[in-house]
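Okay, so here's the structure we're looking at.
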Amino acid sequence: MPKKRSGGGLTRTQQAAKFLGVSVLAGAVLAGIALPAFGALGLAAKGTVEGFDEIPANLKTPPLSQRTTILDSQGGRIATVYSRDRTVVELKDISPYMQKAIVAIEDSRFYEHGAIDLKGVLRAVNRNAQSGGVAQGASTLTQQYVKNVFVEEAGDDAEKVAQATQQTLGRKIQELKYAIQVEEELGKKKILENYLNITFFGQQAYGIEAAAHRYFSKPAKDLKVQEAAMLAGIVQSPSRYDPVNDEEEATKRRNTVLQRMADVRDISQSEADRAKATPIELKVSRPKNGCITAASGAGFFCDYVREVFLTDPVFGKSREERAKVWNQGGLTIRTTLDPQAQDSAQESIKDHVFQSDPVATAMTVVEPGTGKILAMGQSRPYGFGKNETQINLSVDQKMGGGAGYQPGSTFKPIVAAAALERGIPATQSFPSPYKMTYPTPVQTCDGPWADENVPVENENETEVGPYGMKEATAKSVNTYYVQLISQIGVCPVTDLAGKMGVKRADGKKIQQVPSITLGTQEVSPLTMASAYATFASRGTYCAPIAIAAITGPDKKPMTVPKSKCERAMSETTADTINTLLKGVVEDGTGQEAGLGPNRPSAGKTGTTDFRYAAWFVGYTPNMSGAVWVGDPRHAKKMVDITIGGEYNEKVFGGEVPGPIWKDAMSGALEGKPAPGFNEVSIPDAPKGRDGDPNKPGGDTGQPDGKPGDTAGNANGGTADGGQGPFPGLIGGGTDGGNGNGGNGNGANGGGTDGGQDGGGNFP
């Protein structure tokens, strides 16, 4: 057995062999740096650098993933979101102690050597030769920076991260080559700045600024020597030296750094000793990442902003491209959210519907004429616990919402507007009995609809016509609106609805059936608030927008989507609807939602079959809001139910959603102008002499027995009334005419003075 000698216990022969091996390996490394195609290393063309003049741009200015800050319209913070909690800062904003500490412990000869520390390379080759692998990296700070850039680019892709961190000779040579170029082009100070911004410090903190806030709740420029030493010590092993979970181990590591700083004369020995004697004093700021941390119940609005970013081509050609920009972060997004409106909406929601209630509520407020979303809240908060949800109850399914809810009678004003656009007067009257079947056939975009014996009835048996549009809207008379859509057809209604931004929440097409007049197509509160804003802005529809401005990581403004505003109906039509819906809150089903005589408002209630949903959608000239109350699963009927601590035998749109809307809008509008509407005069529809619908007397017709249309005629209809779209609804003539109203078959046969009590055999 050979005797051990002083050179590590090896014989002279072994020492010589070792020296030769080290020299060969060192030469291979240096050859690999100088020769990209050094074959013995087995490097593929893409596994090394093709030339010293082709340094990737990312190494100069790495695309560091940073936190994105989402602000309300006044600059208040809504939330911070990130895939990496990082805030990039300049070197001048980093404590000199921190700069010295990281250099002392990671690369004390940083300012003396170039990109490669030859002593370090030889030391590493020696250690690796002994181990038979790659046990020591001998990386300079510059090389570590290069590796961190590769890791950063890999993101959360485990396979790419493994490739970026693999301990192979080829990878080491690649890092060395890039490091040489980085040193030449950036210089020491910029490299140090980039390194401190990219490095991981544990506890979800990337970069020194995030680390300083995480552990000490202060900016990096204010770090003391003992704090800087602790953070510098973490870098080697963030889990092992985590001061939150193992203060003792972190203290030992910190003291090692402090002693190293004294050894290289960054601080005096007495300074180091005083700092070592100081216990670690953490002031931890827990990470607040994502929309779940949003203030004022704006978590769902925050999530909606993210969905807008990921779906709008303005931010990238593909969703993958947009997601990359979002995940890289560093954005400052100023939104349209009005803090006053948001606070008021959320407060009203909490007052009227409890989080633990068997049903939920959601409300959205938009600005007429701009489409800006001013508020978005709901009773079930953003989260993963009991009575929490990740579903945004205010928006469409593709934007993070559900399948929507039937809007009930809140859809009727859209039908009325379509009729007015077709020339039907606001005085139009129909018999409107308590019960009836749908008239047939009814024209649709797909041809005639002709299902027979489909029943419809009003809410109360006392609701028996005839009614004109004004009273029928105030009382929300179903049978009136069934007759109205049957007269004009379904296609004009769906066409106008489309112009007003109304679409199904599940993305399907609105069905071509006359029952849409009663709100059978599922929609979202955002859709209804935006649609009613069309009335408030006198006929102009503006697509909803959530983002007002964005500043990118380079502090330069980015292009953001603008609201598209287009005329959907005439000003006269909108003014007429405003007058009709103003009557709803003054004298109709929405009286509990009225804002008082000094704040003109208009709106419409809605309740669906079996009371699975109840609505109030209303507006002033400067705000439009929609409130939905119901079971998101469409399973709970709102009868014999307690909501917000109040018992309800039956839930109506005016009695639960209405007060939510009133309180929310009152607070949102406080201190803001109170403009009025451009109202039009809508006379009460004329009535027959005794109010008997079976007596002669008509509505609006044409002479000579032609089918009823929209224009009245002074001579009235003849005894043999023309065949209209749905025979026998209304007949008669001027002042009773000389024809028998009961036999008149014109859809609107009769003259304008015949009154809404005109006869006709109602099917």
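Ordering of the structure tokens sets the chain letters (A, B, ...); residue numbers start at 1 within each chain; ligands are numbered from 1 in the order shown.
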Excluding Ile191 (chain A) and any residue of its chain fewer than 2 positions from it, enumerate the residues within 9 Å of it, using only C-alpha atoms, and give them as an NGL selection string. :A and (60 or 141-142 or 145 or 182-183 or 186-189 or 193-196)
Save out the residues we just selected, N, CA, C and O atoms, as a tab-separated table (two decimals), in the first residue's frame.
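As written to disk, selection-v1.tsv reads:
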```
chain	number	residue	atom	x	y	z
A	60	LYS	N	-28.39	41.83	-22.03
A	60	LYS	CA	-28.10	43.24	-21.75
A	60	LYS	C	-29.22	43.85	-20.89
A	60	LYS	O	-28.97	44.53	-19.91
A	141	LEU	N	-19.75	36.43	-10.31
A	141	LEU	CA	-21.05	37.09	-10.21
A	141	LEU	C	-21.66	37.27	-11.60
A	141	LEU	O	-22.87	37.13	-11.80
A	142	THR	N	-20.80	37.55	-12.58
A	142	THR	CA	-21.28	37.73	-13.95
A	142	THR	C	-21.84	36.44	-14.51
A	142	THR	O	-22.89	36.42	-15.16
A	145	TYR	N	-25.13	35.75	-12.98
A	145	TYR	CA	-26.14	36.61	-13.61
A	145	TYR	C	-26.64	36.00	-14.92
A	145	TYR	O	-27.85	35.93	-15.18
A	182	VAL	N	-20.92	40.03	-21.81
A	182	VAL	CA	-21.67	40.88	-20.89
A	182	VAL	C	-20.74	41.86	-20.19
A	182	VAL	O	-21.03	43.05	-20.05
A	183	GLU	N	-19.58	41.37	-19.74
A	183	GLU	CA	-18.61	42.23	-19.08
A	183	GLU	C	-18.17	43.37	-19.99
A	183	GLU	O	-18.03	44.51	-19.58
A	186	LEU	N	-21.58	45.70	-20.70
A	186	LEU	CA	-22.34	46.31	-19.61
A	186	LEU	C	-21.47	46.98	-18.56
A	186	LEU	O	-21.84	48.04	-18.03
A	187	GLY	N	-20.36	46.39	-18.23
A	187	GLY	CA	-19.53	46.93	-17.16
A	187	GLY	C	-19.97	46.41	-15.80
A	187	GLY	O	-21.07	45.88	-15.63
A	188	LYS	N	-19.09	46.57	-14.81
A	188	LYS	CA	-19.31	45.97	-13.50
A	188	LYS	C	-20.55	46.50	-12.78
A	188	LYS	O	-21.33	45.74	-12.19
A	189	LYS	N	-20.75	47.81	-12.78
A	189	LYS	CA	-21.86	48.38	-12.02
A	189	LYS	C	-23.22	47.92	-12.56
A	189	LYS	O	-24.13	47.60	-11.79
A	193	GLU	N	-26.06	45.68	-10.69
A	193	GLU	CA	-27.46	46.14	-10.61
A	193	GLU	C	-28.41	45.07	-11.15
A	193	GLU	O	-29.41	44.72	-10.51
A	194	ASN	N	-28.09	44.52	-12.32
A	194	ASN	CA	-28.95	43.49	-12.92
A	194	ASN	C	-29.01	42.24	-12.04
A	194	ASN	O	-30.06	41.62	-11.88
A	195	TYR	N	-27.84	41.88	-11.47
A	195	TYR	CA	-27.79	40.68	-10.62
A	195	TYR	C	-28.70	40.85	-9.40
A	195	TYR	O	-29.45	39.94	-9.04
A	196	LEU	N	-28.61	41.99	-8.74
A	196	LEU	CA	-29.42	42.22	-7.55
A	196	LEU	C	-30.91	42.30	-7.87
A	196	LEU	O	-31.75	42.03	-7.01
```
Can you pull out the residues contacting region 395-412 of chain A? Cut-off 8 Å, using only C-alpha atoms, and skip same-chain residues under 3 positions away; I want them as a CSV table (one decimal) with all heavy atoms, in the first residue's frame.
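Final output, selection22.csv:
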```csv
chain,number,residue,atom,x,y,z
A,303,ASP,N,-60.1,40.7,-11.8
A,303,ASP,CA,-60.0,39.6,-12.7
A,303,ASP,C,-60.5,39.8,-14.1
A,303,ASP,O,-60.0,39.3,-15.1
A,303,ASP,CB,-60.8,38.4,-12.0
A,303,ASP,CG,-60.5,37.1,-12.7
A,303,ASP,OD1,-59.3,36.7,-12.6
A,303,ASP,OD2,-61.4,36.4,-13.2
A,304,TYR,N,-61.5,40.7,-14.2
A,304,TYR,CA,-62.1,41.1,-15.5
A,304,TYR,C,-61.0,41.9,-16.3
A,304,TYR,O,-60.9,41.7,-17.5
A,304,TYR,CB,-63.3,41.9,-15.3
A,304,TYR,CG,-64.0,42.4,-16.6
A,304,TYR,CD1,-64.7,41.5,-17.3
A,304,TYR,CD2,-63.8,43.7,-17.0
A,304,TYR,CE1,-65.3,41.9,-18.5
A,304,TYR,CE2,-64.4,44.1,-18.2
A,304,TYR,CZ,-65.2,43.2,-19.0
A,304,TYR,OH,-65.7,43.7,-20.1
A,307,GLU,N,-58.7,39.4,-17.8
A,307,GLU,CA,-59.4,38.7,-19.0
A,307,GLU,C,-59.4,39.6,-20.2
A,307,GLU,O,-59.2,39.2,-21.3
A,307,GLU,CB,-60.8,38.3,-18.6
A,307,GLU,CG,-60.8,37.1,-17.6
A,307,GLU,CD,-60.3,35.8,-18.2
A,307,GLU,OE1,-60.2,35.7,-19.4
A,307,GLU,OE2,-59.8,35.0,-17.4
A,308,VAL,N,-59.6,40.9,-20.0
A,308,VAL,CA,-59.6,41.9,-21.1
A,308,VAL,C,-58.2,41.9,-21.7
A,308,VAL,O,-58.1,41.8,-22.9
A,308,VAL,CB,-60.0,43.3,-20.6
A,308,VAL,CG1,-59.7,44.3,-21.7
A,308,VAL,CG2,-61.5,43.3,-20.2
A,391,ILE,N,-66.1,32.7,-9.6
A,391,ILE,CA,-67.0,33.1,-10.8
A,391,ILE,C,-67.4,34.5,-10.6
A,391,ILE,O,-68.0,34.9,-9.6
A,391,ILE,CB,-68.2,32.1,-10.9
A,391,ILE,CG1,-67.7,30.7,-11.1
A,391,ILE,CG2,-69.1,32.6,-12.0
A,391,ILE,CD1,-68.8,29.7,-11.1
A,392,ASN,N,-67.2,35.3,-11.6
A,392,ASN,CA,-67.6,36.7,-11.7
A,392,ASN,C,-69.1,36.7,-12.1
A,392,ASN,O,-69.4,36.5,-13.3
A,392,ASN,CB,-66.7,37.5,-12.6
A,392,ASN,CG,-67.0,39.0,-12.6
A,392,ASN,OD1,-68.1,39.4,-12.1
A,392,ASN,ND2,-66.1,39.8,-13.1
A,415,VAL,N,-87.8,45.8,-26.5
A,415,VAL,CA,-88.9,45.5,-27.4
A,415,VAL,C,-89.6,46.8,-27.7
A,415,VAL,O,-89.9,47.1,-28.9
A,415,VAL,CB,-89.8,44.4,-26.8
A,415,VAL,CG1,-91.0,44.2,-27.8
A,415,VAL,CG2,-89.1,43.2,-26.5
A,416,ALA,N,-89.9,47.6,-26.7
A,416,ALA,CA,-90.6,48.9,-26.9
A,416,ALA,C,-89.8,49.8,-27.8
A,416,ALA,O,-90.3,50.4,-28.8
A,416,ALA,CB,-90.8,49.5,-25.6
A,473,THR,N,-95.9,49.4,-19.6
A,473,THR,CA,-94.5,49.4,-19.2
A,473,THR,C,-94.4,49.7,-17.7
A,473,THR,O,-93.7,49.0,-17.0
A,473,THR,CB,-93.7,50.5,-19.9
A,473,THR,OG1,-93.8,50.2,-21.3
A,473,THR,CG2,-92.3,50.4,-19.5
A,476,SER,N,-95.6,46.6,-16.1
A,476,SER,CA,-94.9,45.4,-16.6
A,476,SER,C,-95.9,44.3,-17.0
A,476,SER,O,-95.8,43.2,-16.6
A,476,SER,CB,-93.9,44.8,-15.6
A,476,SER,OG,-93.0,44.0,-16.2
A,481,TYR,N,-96.8,43.1,-24.0
A,481,TYR,CA,-95.6,42.9,-24.7
A,481,TYR,C,-95.5,41.7,-25.6
A,481,TYR,O,-94.8,41.7,-26.6
A,481,TYR,CB,-94.4,43.0,-23.7
A,481,TYR,CG,-94.0,44.4,-23.5
A,481,TYR,CD1,-94.5,45.1,-22.4
A,481,TYR,CD2,-93.1,45.1,-24.3
A,481,TYR,CE1,-94.2,46.5,-22.2
A,481,TYR,CE2,-92.7,46.4,-24.1
A,481,TYR,CZ,-93.3,47.1,-23.0
A,481,TYR,OH,-93.0,48.4,-22.8
A,504,ARG,N,-76.1,36.7,-25.4
A,504,ARG,CA,-76.2,35.7,-24.3
A,504,ARG,C,-74.9,35.6,-23.6
A,504,ARG,O,-73.8,35.6,-24.2
A,504,ARG,CB,-76.7,34.4,-24.9
A,504,ARG,CG,-78.1,34.3,-25.3
A,504,ARG,CD,-78.4,32.9,-26.0
A,504,ARG,NE,-78.2,31.9,-25.0
A,504,ARG,CZ,-79.1,31.1,-24.4
A,504,ARG,NH1,-80.4,31.4,-24.7
A,504,ARG,NH2,-78.8,30.1,-23.6
A,505,ALA,N,-75.0,35.3,-22.3
A,505,ALA,CA,-73.7,35.2,-21.5
A,505,ALA,C,-73.0,34.0,-21.8
A,505,ALA,O,-71.7,33.9,-21.6
A,505,ALA,CB,-74.1,35.2,-20.0
A,506,ASP,N,-73.6,32.9,-22.3
A,506,ASP,CA,-72.9,31.7,-22.7
A,506,ASP,C,-72.4,31.7,-24.1
A,506,ASP,O,-71.8,30.7,-24.5
A,506,ASP,CB,-73.9,30.5,-22.5
A,506,ASP,CG,-75.1,30.5,-23.4
A,506,ASP,OD1,-75.2,31.4,-24.2
A,506,ASP,OD2,-76.0,29.7,-23.2
A,507,GLY,N,-72.5,32.8,-24.8
A,507,GLY,CA,-71.9,32.9,-26.1
A,507,GLY,C,-72.8,32.4,-27.3
A,507,GLY,O,-72.5,32.6,-28.4
A,516,ILE,N,-88.8,36.1,-26.1
A,516,ILE,CA,-87.7,36.9,-25.7
A,516,ILE,C,-88.2,38.2,-25.1
A,516,ILE,O,-87.5,38.9,-24.4
A,516,ILE,CB,-86.7,37.2,-26.8
A,516,ILE,CG1,-87.3,38.0,-28.0
A,516,ILE,CG2,-86.1,35.9,-27.3
A,516,ILE,CD1,-86.3,38.5,-29.0
A,517,THR,N,-89.4,38.6,-25.5
A,517,THR,CA,-90.0,39.9,-25.0
A,517,THR,C,-90.1,39.8,-23.5
A,517,THR,O,-90.2,40.9,-22.8
A,517,THR,CB,-91.3,40.1,-25.7
A,517,THR,OG1,-91.7,41.5,-25.4
A,517,THR,CG2,-92.4,39.2,-25.2
A,518,LEU,N,-90.2,38.6,-22.9
A,518,LEU,CA,-90.3,38.5,-21.5
A,518,LEU,C,-89.0,38.1,-20.8
A,518,LEU,O,-88.9,37.8,-19.6
A,518,LEU,CB,-91.3,37.4,-21.1
A,518,LEU,CG,-92.7,37.6,-21.7
A,518,LEU,CD1,-93.7,36.4,-21.3
A,518,LEU,CD2,-93.3,38.9,-21.4
A,519,GLY,N,-87.9,38.3,-21.6
A,519,GLY,CA,-86.6,38.1,-21.0
A,519,GLY,C,-86.2,36.7,-20.7
A,519,GLY,O,-85.8,36.3,-19.6
A,520,THR,N,-86.2,35.8,-21.7
A,520,THR,CA,-85.9,34.4,-21.5
A,520,THR,C,-84.5,34.0,-21.9
A,520,THR,O,-84.1,32.9,-21.6
A,520,THR,CB,-86.9,33.5,-22.4
A,520,THR,OG1,-86.8,34.0,-23.8
A,520,THR,CG2,-88.3,33.7,-21.9
A,521,GLN,N,-83.7,35.0,-22.4
A,521,GLN,CA,-82.4,34.7,-22.9
A,521,GLN,C,-81.4,35.1,-21.8
A,521,GLN,O,-81.4,36.3,-21.4
A,521,GLN,CB,-82.1,35.4,-24.2
A,521,GLN,CG,-83.1,35.1,-25.3
A,521,GLN,CD,-83.1,33.6,-25.7
A,521,GLN,OE1,-82.1,33.1,-26.3
A,521,GLN,NE2,-84.1,32.9,-25.4
A,522,GLU,N,-80.5,34.2,-21.3
A,522,GLU,CA,-79.6,34.5,-20.2
A,522,GLU,C,-78.6,35.5,-20.6
A,522,GLU,O,-77.9,35.4,-21.6
A,522,GLU,CB,-79.0,33.2,-19.7
A,522,GLU,CG,-79.9,32.2,-19.1
A,522,GLU,CD,-80.7,31.3,-20.0
A,522,GLU,OE1,-80.5,31.5,-21.2
A,522,GLU,OE2,-81.4,30.5,-19.5
A,523,VAL,N,-78.5,36.6,-19.8
A,523,VAL,CA,-77.5,37.6,-20.0
A,523,VAL,C,-76.8,37.9,-18.7
A,523,VAL,O,-77.2,37.4,-17.6
A,523,VAL,CB,-78.2,38.9,-20.5
A,523,VAL,CG1,-78.8,38.6,-21.9
A,523,VAL,CG2,-79.3,39.4,-19.6
A,524,SER,N,-75.8,38.8,-18.7
A,524,SER,CA,-75.1,39.2,-17.5
A,524,SER,C,-75.5,40.6,-17.1
A,524,SER,O,-76.0,41.4,-17.9
A,524,SER,CB,-73.6,39.2,-17.8
A,524,SER,OG,-73.2,40.2,-18.7
A,525,PRO,N,-75.2,41.0,-15.8
A,525,PRO,CA,-75.5,42.4,-15.4
A,525,PRO,C,-74.7,43.4,-16.1
A,525,PRO,O,-75.2,44.5,-16.4
A,525,PRO,CB,-75.0,42.3,-13.9
A,525,PRO,CG,-75.3,40.9,-13.5
A,525,PRO,CD,-75.0,40.1,-14.7
A,526,LEU,N,-73.5,43.1,-16.5
A,526,LEU,CA,-72.7,44.1,-17.3
A,526,LEU,C,-73.4,44.4,-18.7
A,526,LEU,O,-73.4,45.5,-19.1
A,526,LEU,CB,-71.3,43.6,-17.6
A,526,LEU,CG,-70.4,44.4,-18.5
A,526,LEU,CD1,-70.3,45.9,-17.9
A,526,LEU,CD2,-69.0,43.8,-18.6
A,527,THR,N,-73.9,43.3,-19.3
A,527,THR,CA,-74.6,43.5,-20.5
A,527,THR,C,-75.8,44.4,-20.4
A,527,THR,O,-76.0,45.3,-21.2
A,527,THR,CB,-75.0,42.1,-21.1
A,527,THR,OG1,-73.9,41.4,-21.5
A,527,THR,CG2,-76.0,42.2,-22.3
A,604,LYS,N,-86.3,49.7,-14.9
A,604,LYS,CA,-87.2,48.6,-15.1
A,604,LYS,C,-86.9,47.5,-14.2
A,604,LYS,O,-85.8,47.1,-14.0
A,604,LYS,CB,-87.2,48.2,-16.5
A,604,LYS,CG,-88.3,47.2,-16.9
A,604,LYS,CD,-89.7,47.8,-16.9
A,604,LYS,CE,-90.8,46.8,-17.1
A,604,LYS,NZ,-91.0,45.9,-15.9
A,605,THR,N,-88.0,46.9,-13.6
A,605,THR,CA,-87.9,45.7,-12.8
A,605,THR,C,-88.0,44.5,-13.7
A,605,THR,O,-88.5,44.5,-14.8
A,605,THR,CB,-89.0,45.7,-11.7
A,605,THR,OG1,-90.3,45.7,-12.4
A,605,THR,CG2,-89.0,46.9,-10.8
A,606,GLY,N,-87.6,43.4,-13.1
A,606,GLY,CA,-87.7,42.1,-13.8
A,606,GLY,C,-87.7,40.9,-12.8
A,606,GLY,O,-86.9,40.9,-11.9
A,607,THR,N,-88.6,40.0,-13.0
A,607,THR,CA,-88.7,38.8,-12.2
A,607,THR,C,-88.9,37.6,-13.2
A,607,THR,O,-89.8,37.7,-14.0
A,607,THR,CB,-89.8,38.9,-11.2
A,607,THR,OG1,-89.6,40.1,-10.4
A,607,THR,CG2,-89.7,37.7,-10.2
A,608,THR,N,-88.2,36.5,-13.0
A,608,THR,CA,-88.4,35.4,-14.0
A,608,THR,C,-89.4,34.4,-13.4
A,608,THR,O,-89.8,34.4,-12.3
A,608,THR,CB,-87.0,34.7,-14.2
A,608,THR,OG1,-86.6,34.1,-12.9
A,608,THR,CG2,-86.0,35.7,-14.7
A,613,ALA,N,-84.7,34.4,-10.5
A,613,ALA,CA,-83.9,35.6,-10.6
A,613,ALA,C,-84.8,36.8,-10.5
A,613,ALA,O,-85.9,36.8,-11.0
A,613,ALA,CB,-83.1,35.6,-12.0
A,614,ALA,N,-84.3,37.9,-10.0
A,614,ALA,CA,-85.0,39.1,-9.9
A,614,ALA,C,-84.0,40.2,-10.3
A,614,ALA,O,-82.8,40.2,-9.9
A,614,ALA,CB,-85.6,39.4,-8.5
A,615,TRP,N,-84.4,41.3,-11.0
A,615,TRP,CA,-83.6,42.3,-11.5
A,615,TRP,C,-84.1,43.7,-11.2
A,615,TRP,O,-85.3,43.9,-11.1
A,615,TRP,CB,-83.4,42.2,-13.0
A,615,TRP,CG,-82.7,41.0,-13.5
A,615,TRP,CD1,-83.1,39.8,-13.6
A,615,TRP,CD2,-81.4,41.1,-14.1
A,615,TRP,NE1,-82.2,38.9,-14.2
A,615,TRP,CE2,-81.1,39.7,-14.5
A,615,TRP,CE3,-80.4,42.0,-14.4
A,615,TRP,CZ2,-79.9,39.4,-15.2
A,615,TRP,CZ3,-79.2,41.7,-15.0
A,615,TRP,CH2,-79.0,40.4,-15.4
A,616,PHE,N,-83.2,44.7,-11.1
A,616,PHE,CA,-83.6,46.1,-11.4
A,616,PHE,C,-82.4,46.7,-12.2
A,616,PHE,O,-81.3,46.6,-11.8
A,616,PHE,CB,-83.8,46.9,-10.1
A,616,PHE,CG,-84.3,48.3,-10.4
A,616,PHE,CD1,-85.7,48.5,-10.6
A,616,PHE,CD2,-83.4,49.3,-10.6
A,616,PHE,CE1,-86.1,49.8,-11.0
A,616,PHE,CE2,-83.9,50.6,-10.9
A,616,PHE,CZ,-85.2,50.8,-11.1
A,617,VAL,N,-82.8,47.2,-13.3
A,617,VAL,CA,-81.8,47.9,-14.2
A,617,VAL,C,-82.3,49.3,-14.3
A,617,VAL,O,-83.4,49.6,-14.8
A,617,VAL,CB,-81.7,47.2,-15.6
A,617,VAL,CG1,-80.5,47.9,-16.3
A,617,VAL,CG2,-81.5,45.7,-15.4
A,632,PRO,N,-77.0,31.4,-8.4
A,632,PRO,CA,-76.2,31.2,-9.6
A,632,PRO,C,-76.3,29.9,-10.2
A,632,PRO,O,-76.1,29.7,-11.4
A,632,PRO,CB,-74.7,31.4,-9.0
A,632,PRO,CG,-74.9,32.2,-7.8
A,632,PRO,CD,-76.2,31.8,-7.2
```
Determine, counting only C-alpha atoms, which protein, DNA and RNA residues have an atom within 9 Å of an atom of region 335-345 of chain A; residues of the same chain fewer than 2 positions away are not included. Present the result as number ranges by chain. A: 70-76, 296-298, 301, 305, 333, 347-350, 363-365, 372-378, 545-550, 660-661, 663-670
Selection file, C-alpha atoms, as a PDB file, in the first residue's frame:
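To be explicit, this is the file written out as selection31.pdb:
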```pdb
ATOM      1  CA  ILE A  70     -53.755  47.764 -11.000  1.00  0.00           C
ATOM      2  CA  LEU A  71     -55.153  51.172 -10.049  1.00  0.00           C
ATOM      3  CA  ASP A  72     -58.624  52.704  -9.954  1.00  0.00           C
ATOM      4  CA  SER A  73     -59.497  55.829 -11.932  1.00  0.00           C
ATOM      5  CA  GLN A  74     -58.154  58.071  -9.156  1.00  0.00           C
ATOM      6  CA  GLY A  75     -54.825  56.279  -8.831  1.00  0.00           C
ATOM      7  CA  GLY A  76     -55.717  54.212  -5.766  1.00  0.00           C
ATOM      8  CA  SER A 296     -63.220  47.366  -1.772  1.00  0.00           C
ATOM      9  CA  GLY A 297     -64.543  44.079  -3.100  1.00  0.00           C
ATOM     10  CA  ALA A 298     -62.986  44.786  -6.500  1.00  0.00           C
ATOM     11  CA  PHE A 301     -63.224  43.645 -11.532  1.00  0.00           C
ATOM     12  CA  VAL A 305     -59.179  43.458 -16.288  1.00  0.00           C
ATOM     13  CA  ILE A 333     -52.752  49.690 -15.277  1.00  0.00           C
ATOM     14  CA  GLU A 347     -71.677  48.696   0.804  1.00  0.00           C
ATOM     15  CA  SER A 348     -75.225  48.456  -0.532  1.00  0.00           C
ATOM     16  CA  ILE A 349     -74.689  44.824  -1.498  1.00  0.00           C
ATOM     17  CA  LYS A 350     -73.474  43.975   2.016  1.00  0.00           C
ATOM     18  CA  MET A 363     -74.155  44.738  -9.541  1.00  0.00           C
ATOM     19  CA  THR A 364     -72.348  46.571 -12.322  1.00  0.00           C
ATOM     20  CA  VAL A 365     -72.360  50.308 -13.030  1.00  0.00           C
ATOM     21  CA  LYS A 372     -66.466  53.042 -18.688  1.00  0.00           C
ATOM     22  CA  ILE A 373     -67.120  50.422 -16.019  1.00  0.00           C
ATOM     23  CA  LEU A 374     -67.435  52.386 -12.791  1.00  0.00           C
ATOM     24  CA  ALA A 375     -68.285  49.632 -10.308  1.00  0.00           C
ATOM     25  CA  MET A 376     -68.531  45.847 -10.181  1.00  0.00           C
ATOM     26  CA  GLY A 377     -69.353  43.926  -7.027  1.00  0.00           C
ATOM     27  CA  GLN A 378     -71.162  40.917  -5.641  1.00  0.00           C
ATOM     28  CA  ILE A 545     -64.244  49.295 -21.232  1.00  0.00           C
ATOM     29  CA  ALA A 546     -62.244  48.641 -18.068  1.00  0.00           C
ATOM     30  CA  ILE A 547     -58.765  49.929 -18.926  1.00  0.00           C
ATOM     31  CA  ALA A 548     -58.048  53.646 -19.246  1.00  0.00           C
ATOM     32  CA  ALA A 549     -54.256  53.617 -19.610  1.00  0.00           C
ATOM     33  CA  ILE A 550     -51.231  51.342 -19.214  1.00  0.00           C
ATOM     34  CA  ILE A 660     -79.850  47.699  -3.657  1.00  0.00           C
ATOM     35  CA  TRP A 661     -79.759  49.813  -6.800  1.00  0.00           C
ATOM     36  CA  ASP A 663     -78.645  52.825  -2.167  1.00  0.00           C
ATOM     37  CA  ALA A 664     -75.703  52.064  -4.436  1.00  0.00           C
ATOM     38  CA  MET A 665     -76.554  54.759  -6.955  1.00  0.00           C
ATOM     39  CA  SER A 666     -77.341  57.346  -4.283  1.00  0.00           C
ATOM     40  CA  GLY A 667     -73.839  57.004  -2.869  1.00  0.00           C
ATOM     41  CA  ALA A 668     -72.176  56.733  -6.267  1.00  0.00           C
ATOM     42  CA  LEU A 669     -73.839  59.938  -7.487  1.00  0.00           C
ATOM     43  CA  GLU A 670     -73.406  61.977  -4.319  1.00  0.00           C
TER      44      GLU A 670
END
```
In region 545-706 of chain A, what's strand (DSSP E or B) per DSSP? Answer as JSON, numbers by chain? {"A": [545, 547, 548, 549, 550, 551, 557, 558, 565, 566, 567, 602, 603, 604, 605, 606, 607, 613, 614, 615, 616, 617, 618, 619, 620, 623, 624, 625, 626, 627, 628, 629, 630, 639, 640, 641, 642, 643, 646, 647, 648, 649, 650]}
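Using only C-alpha atoms, the residues found no farther than 8 Å from Pro358 (chain A), other than those of its own chain fewer than 6 positions away, are Asp631, Lys636 and Ile643 of chain A.
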For Gln512 (chain A), find every residue with an atom within 7 Å (counting only C-alpha atoms), except residues of its own chain fewer than 4 positions away, and show them as number ranges by chain. A: 444-445, 490
Those same residues, written as a PDB file, in the first residue's frame with N, CA and C atoms?
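Writing the result to part20.pdb gives the following:
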```pdb
ATOM      1  N   THR A 444     -89.876  35.959 -37.726  1.00  0.00           N
ATOM      2  CA  THR A 444     -88.551  35.982 -37.107  1.00  0.00           C
ATOM      3  C   THR A 444     -87.515  36.125 -38.221  1.00  0.00           C
ATOM      4  N   CYS A 445     -86.275  36.247 -37.851  1.00  0.00           N
ATOM      5  CA  CYS A 445     -85.207  36.308 -38.853  1.00  0.00           C
ATOM      6  C   CYS A 445     -85.085  34.993 -39.609  1.00  0.00           C
ATOM      7  N   VAL A 490     -89.908  39.298 -34.433  1.00  0.00           N
ATOM      8  CA  VAL A 490     -88.771  39.081 -33.536  1.00  0.00           C
ATOM      9  C   VAL A 490     -87.494  39.704 -34.072  1.00  0.00           C
TER      10      VAL A 490
END
```
Using only C-alpha atoms, which residues sit within 7 Å of region 260-269 of chain A once same-chain residues fewer than 4 positions away are excluded, as a ChimeraX atom specification? /A:100-101,104-105,256,273
